[in-house]
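Q: Structure file upload_32.cif (mmCIF, C-alpha atoms; chains and numbers go by the auth columns) right here:
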data_my_file
#
loop_
_atom_site.group_PDB
_atom_site.id
_atom_site.type_symbol
_atom_site.label_atom_id
_atom_site.label_comp_id
_atom_site.label_asym_id
_atom_site.label_seq_id
_atom_site.Cartn_x
_atom_site.Cartn_y
_atom_site.Cartn_z
_atom_site.B_iso_or_equiv
_atom_site.auth_seq_id
_atom_site.auth_asym_id
ATOM 1 C CA MET A 1 0.000 0.000 0.000 0.00 377 A
ATOM 2 C CA ALA A 2 2.926 2.335 0.688 0.00 378 A
ATOM 3 C CA GLN A 3 3.978 2.024 -2.946 0.00 379 A
ATOM 4 C CA ARG A 4 0.782 3.857 -3.902 0.00 380 A
ATOM 5 C CA LEU A 5 1.432 6.929 -1.773 0.00 381 A
ATOM 6 C CA PRO A 6 3.408 8.748 -4.518 0.00 382 A
ATOM 7 C CA VAL A 7 0.209 8.745 -6.613 0.00 383 A
ATOM 8 C CA ILE A 8 -1.283 11.276 -4.170 0.00 384 A
ATOM 9 C CA ARG A 9 -0.140 14.752 -5.198 0.00 385 A
ATOM 10 C CA LEU A 10 -1.562 16.294 -2.050 0.00 386 A
ATOM 11 C CA GLN A 11 0.861 16.474 0.864 0.00 387 A
ATOM 12 C CA PRO A 12 -1.642 15.641 3.612 0.00 388 A
ATOM 13 C CA ASP A 13 -1.544 17.200 7.060 0.00 389 A
ATOM 14 C CA PRO A 14 -2.759 15.871 9.408 0.00 390 A
ATOM 15 C CA VAL A 15 -2.584 12.131 8.735 0.00 391 A
ATOM 16 C CA LEU A 16 -4.641 9.598 10.694 0.00 392 A
ATOM 17 C CA ASP A 17 -3.052 6.171 11.153 0.00 393 A
ATOM 18 C CA TRP A 18 -6.061 4.085 12.199 0.00 394 A
ATOM 19 C CA ALA A 19 -5.361 0.977 14.298 0.00 395 A
ATOM 20 C CA SER A 20 -1.735 2.010 14.313 0.00 396 A
ATOM 21 C CA PHE A 21 -0.426 -0.778 16.543 0.00 397 A
ATOM 22 C CA THR A 22 -1.357 -3.657 14.233 0.00 398 A
ATOM 23 C CA GLY A 23 -0.836 -1.634 11.055 0.00 399 A
ATOM 24 C CA ALA A 24 2.851 -0.988 11.886 0.00 400 A
ATOM 25 C CA SER A 25 2.981 1.907 9.407 0.00 401 A
ATOM 26 C CA GLN A 26 4.359 4.761 11.499 0.00 402 A
ATOM 27 C CA SER A 27 7.850 4.676 10.025 0.00 403 A
ATOM 28 C CA LEU A 28 6.718 4.739 6.399 0.00 404 A
ATOM 29 C CA LEU A 29 4.147 7.499 7.031 0.00 405 A
ATOM 30 C CA HIS A 30 6.761 9.703 8.694 0.00 406 A
ATOM 31 C CA THR A 31 9.125 8.981 5.788 0.00 407 A
ATOM 32 C CA ALA A 32 6.499 9.773 3.169 0.00 408 A
ATOM 33 C CA TYR A 33 5.272 12.933 4.949 0.00 409 A
ATOM 34 C CA PRO A 34 8.093 14.214 7.180 0.00 410 A
ATOM 35 C CA ARG A 35 6.376 17.557 7.823 0.00 411 A
ATOM 36 C CA ALA A 36 2.915 16.156 8.525 0.00 412 A
ATOM 37 C CA ARG A 37 1.295 15.785 11.906 0.00 413 A
ATOM 38 C CA VAL A 38 0.638 12.053 12.269 0.00 414 A
ATOM 39 C CA LEU A 39 -2.093 10.944 14.671 0.00 415 A
ATOM 40 C CA ALA A 40 -2.122 7.295 15.746 0.00 416 A
ATOM 41 C CA VAL A 41 -5.689 6.129 16.429 0.00 417 A
ATOM 42 C CA GLU A 42 -6.211 3.030 18.582 0.00 418 A
ATOM 43 C CA PRO A 43 -9.731 1.569 19.006 0.00 419 A
ATOM 44 C CA ASP A 44 -8.508 -1.076 21.458 0.00 420 A
ATOM 45 C CA PRO A 45 -7.714 0.310 24.950 0.00 421 A
ATOM 46 C CA GLN A 46 -4.889 -2.152 25.592 0.00 422 A
ATOM 47 C CA ARG A 47 -3.273 -1.449 22.256 0.00 423 A
ATOM 48 C CA LEU A 48 -3.728 2.264 22.862 0.00 424 A
ATOM 49 C CA GLN A 49 -1.536 2.036 25.936 0.00 425 A
ATOM 50 C CA ALA A 50 0.999 -0.081 24.056 0.00 426 A
ATOM 51 C CA THR A 51 1.073 2.513 21.276 0.00 427 A
ATOM 52 C CA VAL A 52 1.589 5.352 23.767 0.00 428 A
ATOM 53 C CA PHE A 53 4.527 3.442 25.208 0.00 429 A
ATOM 54 C CA ALA A 54 5.940 2.713 21.742 0.00 430 A
ATOM 55 C CA GLN A 55 5.771 6.412 20.817 0.00 431 A
ATOM 56 C CA ARG A 56 8.008 7.503 23.695 0.00 432 A
ATOM 57 C CA LYS A 57 11.191 9.035 22.303 0.00 433 A
ATOM 58 C CA PRO A 58 14.425 7.427 23.510 0.00 434 A
ATOM 59 C CA TRP A 59 16.514 9.850 25.552 0.00 435 A
ATOM 60 C CA TRP A 60 19.417 9.272 23.165 0.00 436 A
ATOM 61 C CA GLN A 61 17.256 10.223 20.131 0.00 437 A
ATOM 62 C CA PRO A 62 15.441 13.432 21.198 0.00 438 A
ATOM 63 C CA TRP A 63 15.061 14.460 17.556 0.00 439 A
ATOM 64 C CA GLN A 64 12.997 11.376 16.699 0.00 440 A
ATOM 65 C CA LYS A 65 9.467 12.347 15.654 0.00 441 A
ATOM 66 C CA ALA A 66 6.621 10.637 17.479 0.00 442 A
ATOM 67 C CA ALA A 67 2.947 10.448 16.637 0.00 443 A
ATOM 68 C CA GLU A 68 0.148 11.644 18.871 0.00 444 A
ATOM 69 C CA VAL A 69 -2.026 8.792 20.111 0.00 445 A
ATOM 70 C CA LEU A 70 -5.818 9.119 20.292 0.00 446 A
ATOM 71 C CA ALA A 71 -8.842 6.982 21.004 0.00 447 A
ATOM 72 C CA PRO A 72 -11.459 7.098 18.186 0.00 448 A
ATOM 73 C CA GLU A 73 -13.857 9.237 20.230 0.00 449 A
ATOM 74 C CA ASN A 74 -11.175 11.933 20.519 0.00 450 A
ATOM 75 C CA VAL A 75 -10.474 12.195 16.792 0.00 451 A
ATOM 76 C CA PRO A 76 -11.531 15.661 15.557 0.00 452 A
ATOM 77 C CA ALA A 77 -14.193 15.607 12.861 0.00 453 A
ATOM 78 C CA GLY A 78 -13.471 16.836 9.351 0.00 454 A
ATOM 79 C CA GLN A 79 -9.757 17.506 9.852 0.00 455 A
ATOM 80 C CA ALA A 80 -7.641 14.660 8.444 0.00 456 A
ATOM 81 C CA GLN A 81 -6.449 14.924 4.856 0.00 457 A
ATOM 82 C CA LEU A 82 -5.325 11.292 4.747 0.00 458 A
ATOM 83 C CA LEU A 83 -6.767 8.401 6.718 0.00 459 A
ATOM 84 C CA TRP A 84 -4.562 5.325 6.536 0.00 460 A
ATOM 85 C CA SER A 85 -5.662 1.934 7.870 0.00 461 A
ATOM 86 C CA ASN A 86 -3.478 -1.108 7.346 0.00 462 A
ATOM 87 C CA MET A 87 -5.131 -4.498 7.988 0.00 463 A
ATOM 88 C CA ALA A 88 -7.778 -3.317 10.456 0.00 464 A
ATOM 89 C CA LEU A 89 -11.153 -3.282 8.697 0.00 465 A
ATOM 90 C CA HIS A 90 -11.656 -7.066 8.768 0.00 466 A
ATOM 91 C CA GLY A 91 -11.524 -6.901 12.582 0.00 467 A
ATOM 92 C CA ALA A 92 -14.489 -4.523 12.808 0.00 468 A
ATOM 93 C CA ILE A 93 -17.768 -5.983 14.060 0.00 469 A
ATOM 94 C CA ASP A 94 -19.669 -3.444 11.942 0.00 470 A
ATOM 95 C CA PRO A 95 -17.479 -2.438 8.960 0.00 471 A
ATOM 96 C CA GLN A 96 -20.146 -0.088 7.593 0.00 472 A
ATOM 97 C CA ALA A 97 -20.164 1.874 10.860 0.00 473 A
ATOM 98 C CA LEU A 98 -16.363 2.082 10.799 0.00 474 A
ATOM 99 C CA LEU A 99 -16.426 3.446 7.236 0.00 475 A
ATOM 100 C CA ARG A 100 -18.869 6.139 8.355 0.00 476 A
ATOM 101 C CA GLN A 101 -16.529 6.962 11.231 0.00 477 A
ATOM 102 C CA TRP A 102 -13.633 7.309 8.779 0.00 478 A
ATOM 103 C CA HIS A 103 -15.742 9.537 6.538 0.00 479 A
ATOM 104 C CA GLN A 104 -16.569 11.802 9.475 0.00 480 A
ATOM 105 C CA ALA A 105 -12.890 12.126 10.433 0.00 481 A
ATOM 106 C CA LEU A 106 -11.751 13.165 6.944 0.00 482 A
ATOM 107 C CA ALA A 107 -11.742 16.702 5.619 0.00 483 A
ATOM 108 C CA VAL A 108 -13.471 17.469 2.320 0.00 484 A
ATOM 109 C CA ASP A 109 -11.295 16.113 -0.520 0.00 485 A
ATOM 110 C CA GLY A 110 -9.469 14.000 2.065 0.00 486 A
ATOM 111 C CA PHE A 111 -8.207 10.627 0.907 0.00 487 A
ATOM 112 C CA LEU A 112 -8.807 7.182 2.399 0.00 488 A
ATOM 113 C CA MET A 113 -6.361 4.301 1.953 0.00 489 A
ATOM 114 C CA PHE A 114 -6.918 0.941 3.603 0.00 490 A
ATOM 115 C CA SER A 115 -6.080 -2.736 3.324 0.00 491 A
ATOM 116 C CA THR A 116 -8.020 -5.679 4.701 0.00 492 A
ATOM 117 C CA LEU A 117 -8.375 -9.430 4.347 0.00 493 A
ATOM 118 C CA GLY A 118 -10.716 -10.714 1.641 0.00 494 A
ATOM 119 C CA PRO A 119 -12.744 -13.946 1.271 0.00 495 A
ATOM 120 C CA GLY A 120 -9.850 -15.708 -0.484 0.00 496 A
ATOM 121 C CA THR A 121 -8.053 -15.826 2.878 0.00 497 A
ATOM 122 C CA LEU A 122 -7.349 -19.248 4.426 0.00 498 A
ATOM 123 C CA VAL A 123 -9.428 -21.070 1.819 0.00 499 A
ATOM 124 C CA GLN A 124 -7.343 -24.223 2.322 0.00 500 A
ATOM 125 C CA LEU A 125 -8.111 -24.220 6.031 0.00 501 A
ATOM 126 C CA GLY A 126 -11.813 -23.716 5.394 0.00 502 A
ATOM 127 C CA ALA A 127 -11.866 -26.611 2.926 0.00 503 A
ATOM 128 C CA LEU A 128 -10.093 -28.861 5.440 0.00 504 A
ATOM 129 C CA TYR A 129 -12.645 -28.032 8.156 0.00 505 A
ATOM 130 C CA ARG A 130 -15.535 -28.768 5.785 0.00 506 A
ATOM 131 C CA ARG A 131 -13.968 -32.092 4.782 0.00 507 A
ATOM 132 C CA LEU A 132 -13.736 -33.085 8.451 0.00 508 A
ATOM 133 C CA GLY A 133 -17.319 -31.960 9.140 0.00 509 A
ATOM 134 C CA TRP A 134 -16.272 -29.164 11.511 0.00 510 A
ATOM 135 C CA PRO A 135 -17.796 -25.680 11.884 0.00 511 A
ATOM 136 C CA PRO A 136 -15.970 -22.877 9.988 0.00 512 A
ATOM 137 C CA PRO A 137 -12.539 -21.899 11.386 0.00 513 A
ATOM 138 C CA MET A 138 -13.118 -18.157 10.965 0.00 514 A
ATOM 139 C CA ALA A 139 -15.810 -15.620 10.185 0.00 515 A
ATOM 140 C CA PRO A 140 -16.290 -14.801 6.475 0.00 516 A
ATOM 141 C CA PHE A 141 -14.455 -11.791 5.091 0.00 517 A
ATOM 142 C CA VAL A 142 -16.190 -9.095 3.019 0.00 518 A
ATOM 143 C CA ASP A 143 -15.754 -9.220 -0.758 0.00 519 A
ATOM 144 C CA MET A 144 -14.019 -6.208 -2.298 0.00 520 A
ATOM 145 C CA HIS A 145 -17.033 -5.417 -4.507 0.00 521 A
ATOM 146 C CA ASP A 146 -19.261 -5.265 -1.441 0.00 522 A
ATOM 147 C CA LEU A 147 -16.691 -3.024 0.245 0.00 523 A
ATOM 148 C CA GLY A 148 -16.858 -0.682 -2.751 0.00 524 A
ATOM 149 C CA ASP A 149 -20.634 -0.453 -2.359 0.00 525 A
ATOM 150 C CA MET A 150 -20.239 0.159 1.369 0.00 526 A
ATOM 151 C CA LEU A 151 -17.818 3.017 0.699 0.00 527 A
ATOM 152 C CA VAL A 152 -20.393 4.727 -1.515 0.00 528 A
ATOM 153 C CA GLN A 153 -23.111 4.206 1.097 0.00 529 A
ATOM 154 C CA ALA A 154 -20.819 5.759 3.714 0.00 530 A
ATOM 155 C CA GLY A 155 -20.486 8.902 1.586 0.00 531 A
ATOM 156 C CA PHE A 156 -17.178 8.315 -0.205 0.00 532 A
ATOM 157 C CA ALA A 157 -16.626 9.051 -3.887 0.00 533 A
ATOM 158 C CA ASP A 158 -14.601 7.364 -6.640 0.00 534 A
ATOM 159 C CA PRO A 159 -13.805 4.168 -4.731 0.00 535 A
ATOM 160 C CA VAL A 160 -11.108 2.012 -6.298 0.00 536 A
ATOM 161 C CA MET A 161 -10.752 -1.583 -5.122 0.00 537 A
ATOM 162 C CA ASP A 162 -8.188 -4.204 -6.067 0.00 538 A
ATOM 163 C CA GLN A 163 -6.624 -7.272 -4.501 0.00 539 A
ATOM 164 C CA GLU A 164 -3.732 -9.687 -4.544 0.00 540 A
ATOM 165 C CA THR A 165 -3.218 -13.149 -3.094 0.00 541 A
ATOM 166 C CA VAL A 166 -0.177 -13.810 -0.935 0.00 542 A
ATOM 167 C CA THR A 167 0.795 -17.398 -0.147 0.00 543 A
ATOM 168 C CA LEU A 168 2.652 -17.965 3.127 0.00 544 A
ATOM 169 C CA THR A 169 4.446 -21.207 3.971 0.00 545 A
ATOM 170 C CA TRP A 170 5.608 -22.765 7.232 0.00 546 A
ATOM 171 C CA PRO A 171 8.102 -25.565 7.984 0.00 547 A
ATOM 172 C CA GLY A 172 5.587 -27.415 10.138 0.00 548 A
ATOM 173 C CA VAL A 173 2.192 -27.463 11.836 0.00 549 A
ATOM 174 C CA GLU A 174 3.241 -25.901 15.157 0.00 550 A
ATOM 175 C CA PRO A 175 4.609 -22.633 13.694 0.00 551 A
ATOM 176 C CA LEU A 176 1.578 -22.420 11.382 0.00 552 A
ATOM 177 C CA LEU A 177 -0.888 -22.702 14.277 0.00 553 A
ATOM 178 C CA ALA A 178 1.152 -20.312 16.406 0.00 554 A
ATOM 179 C CA GLU A 179 0.940 -17.625 13.719 0.00 555 A
ATOM 180 C CA LEU A 180 -2.753 -18.209 13.076 0.00 556 A
ATOM 181 C CA ARG A 181 -3.447 -17.636 16.785 0.00 557 A
ATOM 182 C CA GLN A 182 -2.023 -14.138 16.419 0.00 558 A
ATOM 183 C CA LEU A 183 -4.815 -13.299 13.962 0.00 559 A
ATOM 184 C CA GLY A 184 -7.351 -13.452 16.789 0.00 560 A
ATOM 185 C CA GLY A 185 -10.233 -15.670 17.776 0.00 561 A
ATOM 186 C CA ASN A 186 -12.983 -17.159 15.659 0.00 562 A
ATOM 187 C CA VAL A 187 -15.985 -14.819 15.883 0.00 563 A
ATOM 188 C CA ASP A 188 -18.196 -16.813 13.511 0.00 564 A
ATOM 189 C CA PRO A 189 -21.491 -17.588 15.335 0.00 565 A
ATOM 190 C CA ARG A 190 -21.417 -21.072 13.751 0.00 566 A
ATOM 191 C CA ARG A 191 -18.125 -21.967 15.441 0.00 567 A
ATOM 192 C CA SER A 192 -17.839 -24.843 17.894 0.00 568 A
ATOM 193 C CA PRO A 193 -19.777 -23.809 21.042 0.00 569 A
ATOM 194 C CA GLY A 194 -17.346 -25.398 23.498 0.00 570 A
ATOM 195 C CA LEU A 195 -13.631 -25.837 24.081 0.00 571 A
ATOM 196 C CA CYS A 196 -11.790 -28.171 21.753 0.00 572 A
ATOM 197 C CA THR A 197 -10.006 -31.156 23.269 0.00 573 A
ATOM 198 C CA PRO A 198 -6.355 -32.210 22.898 0.00 574 A
ATOM 199 C CA ARG A 199 -7.602 -35.149 20.822 0.00 575 A
ATOM 200 C CA TRP A 200 -9.292 -32.708 18.428 0.00 576 A
ATOM 201 C CA ARG A 201 -6.055 -30.716 18.163 0.00 577 A
ATOM 202 C CA GLN A 202 -4.101 -33.844 17.303 0.00 578 A
ATOM 203 C CA ARG A 203 -6.603 -34.650 14.583 0.00 579 A
ATOM 204 C CA LEU A 204 -6.249 -31.100 13.201 0.00 580 A
ATOM 205 C CA MET A 205 -2.456 -31.374 13.179 0.00 581 A
ATOM 206 C CA LYS A 206 -2.519 -34.700 11.360 0.00 582 A
ATOM 207 C CA ALA A 207 -4.967 -33.337 8.799 0.00 583 A
ATOM 208 C CA LEU A 208 -2.752 -30.307 8.194 0.00 584 A
ATOM 209 C CA GLU A 209 0.309 -32.516 7.783 0.00 585 A
ATOM 210 C CA THR A 210 -1.384 -34.262 4.856 0.00 586 A
ATOM 211 C CA THR A 211 -1.430 -30.939 2.960 0.00 587 A
ATOM 212 C CA ALA A 212 2.365 -30.477 3.086 0.00 588 A
ATOM 213 C CA ASP A 213 4.291 -30.252 -0.174 0.00 589 A
ATOM 214 C CA ALA A 214 7.245 -32.412 -1.221 0.00 590 A
ATOM 215 C CA ASP A 215 9.553 -30.337 0.996 0.00 591 A
ATOM 216 C CA GLY A 216 7.299 -30.748 4.011 0.00 592 A
ATOM 217 C CA ARG A 217 6.117 -27.108 3.979 0.00 593 A
ATOM 218 C CA LEU A 218 2.534 -26.067 4.640 0.00 594 A
ATOM 219 C CA ALA A 219 0.920 -23.245 2.645 0.00 595 A
ATOM 220 C CA LEU A 220 -2.061 -20.951 3.200 0.00 596 A
ATOM 221 C CA ASP A 221 -3.400 -18.168 0.981 0.00 597 A
ATOM 222 C CA PHE A 222 -4.227 -14.661 2.185 0.00 598 A
ATOM 223 C CA GLU A 223 -6.287 -12.366 -0.028 0.00 599 A
ATOM 224 C CA ILE A 224 -5.219 -8.760 0.559 0.00 600 A
ATOM 225 C CA VAL A 225 -7.833 -6.200 -0.507 0.00 601 A
ATOM 226 C CA TYR A 226 -6.851 -2.560 -1.082 0.00 602 A
ATOM 227 C CA GLY A 227 -9.316 0.311 -1.064 0.00 603 A
ATOM 228 C CA HIS A 228 -8.963 3.980 -1.998 0.00 604 A
ATOM 229 C CA ALA A 229 -11.610 6.698 -1.984 0.00 605 A
ATOM 230 C CA PHE A 230 -12.146 10.461 -1.579 0.00 606 A
ATOM 231 C CA LYS A 231 -14.491 12.385 0.665 0.00 607 A
ATOM 232 C CA PRO A 232 -16.440 14.632 -1.732 0.00 608 A
ATOM 233 C CA PRO A 233 -17.848 18.076 -0.882 0.00 609 A
ATOM 234 C CA PRO A 234 -21.059 17.766 1.145 0.00 610 A
ATOM 235 C CA ARG A 235 -24.400 18.300 -0.541 0.00 611 A
ATOM 236 C CA ALA A 236 -27.583 19.114 1.302 0.00 612 A
ATOM 237 C CA ARG A 237 -31.026 19.223 -0.251 0.00 613 A
ATOM 238 C CA LEU A 238 -33.722 21.537 1.031 0.00 614 A
ATOM 239 C CA ALA A 239 -36.714 20.002 2.701 0.00 615 A
ATOM 240 C CA ALA A 240 -39.352 21.132 5.138 0.00 616 A
ATOM 241 C CA HIS A 241 -36.730 20.524 7.817 0.00 617 A
ATOM 242 C CA THR A 242 -33.052 20.252 6.847 0.00 618 A
ATOM 243 C CA GLU A 243 -30.177 19.620 9.230 0.00 619 A
ATOM 244 C CA VAL A 244 -26.586 20.169 8.105 0.00 620 A
ATOM 245 C CA PRO A 245 -23.681 19.282 10.427 0.00 621 A
ATOM 246 C CA LEU A 246 -21.558 22.267 11.356 0.00 622 A
ATOM 247 C CA VAL A 247 -18.443 20.695 9.830 0.00 623 A
ATOM 248 C CA ASP A 248 -20.232 20.183 6.495 0.00 624 A
ATOM 249 C CA MET A 249 -21.663 23.703 6.566 0.00 625 A
ATOM 250 C CA ARG A 250 -18.200 25.168 7.041 0.00 626 A
ATOM 251 C CA ALA A 251 -16.894 23.079 4.143 0.00 627 A
ATOM 252 C CA MET A 252 -19.695 24.263 1.843 0.00 628 A
ATOM 253 C CA VAL A 253 -19.064 27.885 2.779 0.00 629 A
ATOM 254 C CA ARG A 254 -15.348 27.560 2.068 0.00 630 A
ATOM 255 C CA ARG A 255 -16.074 26.076 -1.361 0.00 631 A
ATOM 256 C CA GLY A 256 -18.865 28.513 -2.178 0.00 632 A
ATOM 257 C CA LYS A 257 -21.470 25.775 -2.441 0.00 633 A
ATOM 258 C CA ARG A 258 -25.193 26.402 -2.257 0.00 634 A
ATOM 259 C CA VAL A 259 -27.646 24.305 -0.361 0.00 635 A
ATOM 260 C CA GLY A 260 -30.238 22.856 -2.650 0.00 636 A
#
What do you get writing this file as structure tokens?

A:
Amino acid sequence: MAQRLPVIRLQPDPVLDWASFTGASQSLLHTAYPRARVLAVEPDPQRLQATVFAQRKPWWQPWQKAAEVLAPENVPAGQAQLLWSNMALHGAIDPQALLRQWHQALAVDGFLMFSTLGPGTLVQLGALYRRLGWPPPMAPFVDMHDLGDMLVQAGFADPVMDQETVTLTWPGVEPLLAELRQLGGNVDPRRSPGLCTPRWRQRLMKALETTADADGRLALDFEIVYGHAFKPPPRARLAAHTEVPLVDMRAMVRRGKRVG
């Protein structure tokens, strides 16, 4: 996603790095926009504290630039010129609500860039679970075409969606399962209702071993979806009773827009 930043002619300031802890994009954002004010936004309270700690400047590097860290409720509305979110959207319980939140945080003509996991992620694992008659191993991911529609519904303009598939390999079952655990729990309501037994885990490991290649390596696919969109100037139509947010009204006044 960082390779696409040069396409943006605007030098954004401020920049919102949403879900900064997991996105691990602070260094590249500071490199791309050395003069910009970068705000790290953390929806998770525990990760917020970890991000605050990570942003502390070492005493031997007082010149090092650090980002401000905010909870989502403290993000000013209509200010950010770039909202960047790396691998966070698929963790949202209500992705449509999160897109609306991003739209509210952006200034008019502000730019959104995000990446997320798509439905082509872990297809081999899903097929293995189905073959064994088990409930799904993870909740379904949103298709990029549906995400494009959701962006429009949230108020964004000119959404551009594309994707790529990345195949990761592991030398054995244990490191594969250890890395999958870092992705989080299974929030699919159809998942197994109780705790799985050691016997079940052994069966899973043996089933995974049967998928190894000639070199004994195990492979899983991850579909990475990229989204880009602008926040267009607000438009309000007159009715018997019309309410226009103050931020939108200010934006229309600055651009000389009429209500109607």

Q: What separation in Å, quoted to one decimal, exists between atom CA of A:Ala464 and atom CA of A:His521?

A: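 Atom-to-atom, atom CA of A:Ala464 to atom CA of A:His521, that is 17.7 Å.
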
Q: Between atom CA of A:Leu553 and atom CA of A:Leu594, what is the distance in Å, rounded to a tenth?

A: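 Calculated distance between atom CA of A:Leu553 and atom CA of A:Leu594 is 10.8 Å.
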
Q: Which residue, A:Phe397, A:Phe517, A:Trp576, A:Trp478, has the smallest gap to A:Phe606 when you use all atoms listed in the file?

A: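 Once distances to A:Phe606 are computed over all atoms listed in the file, the minimum belongs to A:Trp478.
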
Q: Which residues fall under the PyMOL selection byres ((chain A and resi 454-458) around 12) in this file, as a ChimeraX atom specification?

A: /A:381,384-394,405,409,412-417,451-453,459-461,477-490,604-610,621-627

Q: Applying the PyMOL selection byres ((chain A and resi 515) around 6) to the file I just gave you, which residues come out? Please list them as a PyMOL selection string.

A: chain A and resi 514+516+563-564

Q: Put those residues in a file: C-alpha atoms, as a JSON list (two decimals), in the coordinates of the input.

A:
[["chain", "number", "residue", "atom", "x", "y", "z"],
["A", 514, "MET", "CA", -13.12, -18.16, 10.96],
["A", 516, "PRO", "CA", -16.29, -14.80, 6.48],
["A", 563, "VAL", "CA", -15.98, -14.82, 15.88],
["A", 564, "ASP", "CA", -18.20, -16.81, 13.51]]

Q: Give as a ChimeraX atom specification the set of residues within 12 Å of the point (-19.8, -2.5, 8.8), where distances use the file's coordinates and only C-alpha atoms.

A: /A:465-478,517-518,522-523,525-527,529-530

Q: Between atom CA of A:Pro511 and atom CA of A:Arg567, what is the spacing in Å?

A: 5.2 Å

Q: Between A:Gln558, A:Asn462, A:Gln422, A:Ala588, single out the one closest to A:Ala447, counting all atoms listed in the file.

A: A:Gln422

Q: For A:Thr543, work out the shell of residues within 7 Å, counting only C-alpha atoms and skipping chain neighbours fewer than 5 positions away, then give it as a PyMOL selection string.

A: chain A and resi 595-598

Q: Would you kindly return, as a VMD selection string, each protein, DNA or RNA residue with an atom no farther than 7 Å from any atom of A:Met537, considering all atoms listed in the file and excluding same-chain residues fewer than 6 positions away?

A: chain A and resid 520 524 602 to 604

Q: Apply the PyMOL selection byres ((chain A and resi 600) around 9) to the structure shown and report the selected residues as a list of chain:residue names.

A: A:Met463, A:Ser491, A:Thr492, A:Leu493, A:Gly494, A:Gly496, A:Thr497, A:Asp538, A:Gln539, A:Glu540, A:Thr541, A:Val542, A:Phe598, A:Glu599, A:Val601, A:Tyr602

Q: For stretch 458-472 of chain A, take all atoms listed in the file, fit an axis-aligned box around them, add 5 Å to each of the six sides, then output centre and edge lengths in Å rounded to one decimal, as lines of an AutoDock Vina configuration file.

A:
center_x = -11.8
center_y = 2.1
center_z = 9.4
size_x = 26.7
size_y = 28.4
size_z = 19.3

Q: Quick one: of A:Pro535, A:Gly592, A:Pro513, A:Gly548, who's nearest to A:Arg566, counting only C-alpha atoms?

A: A:Pro513
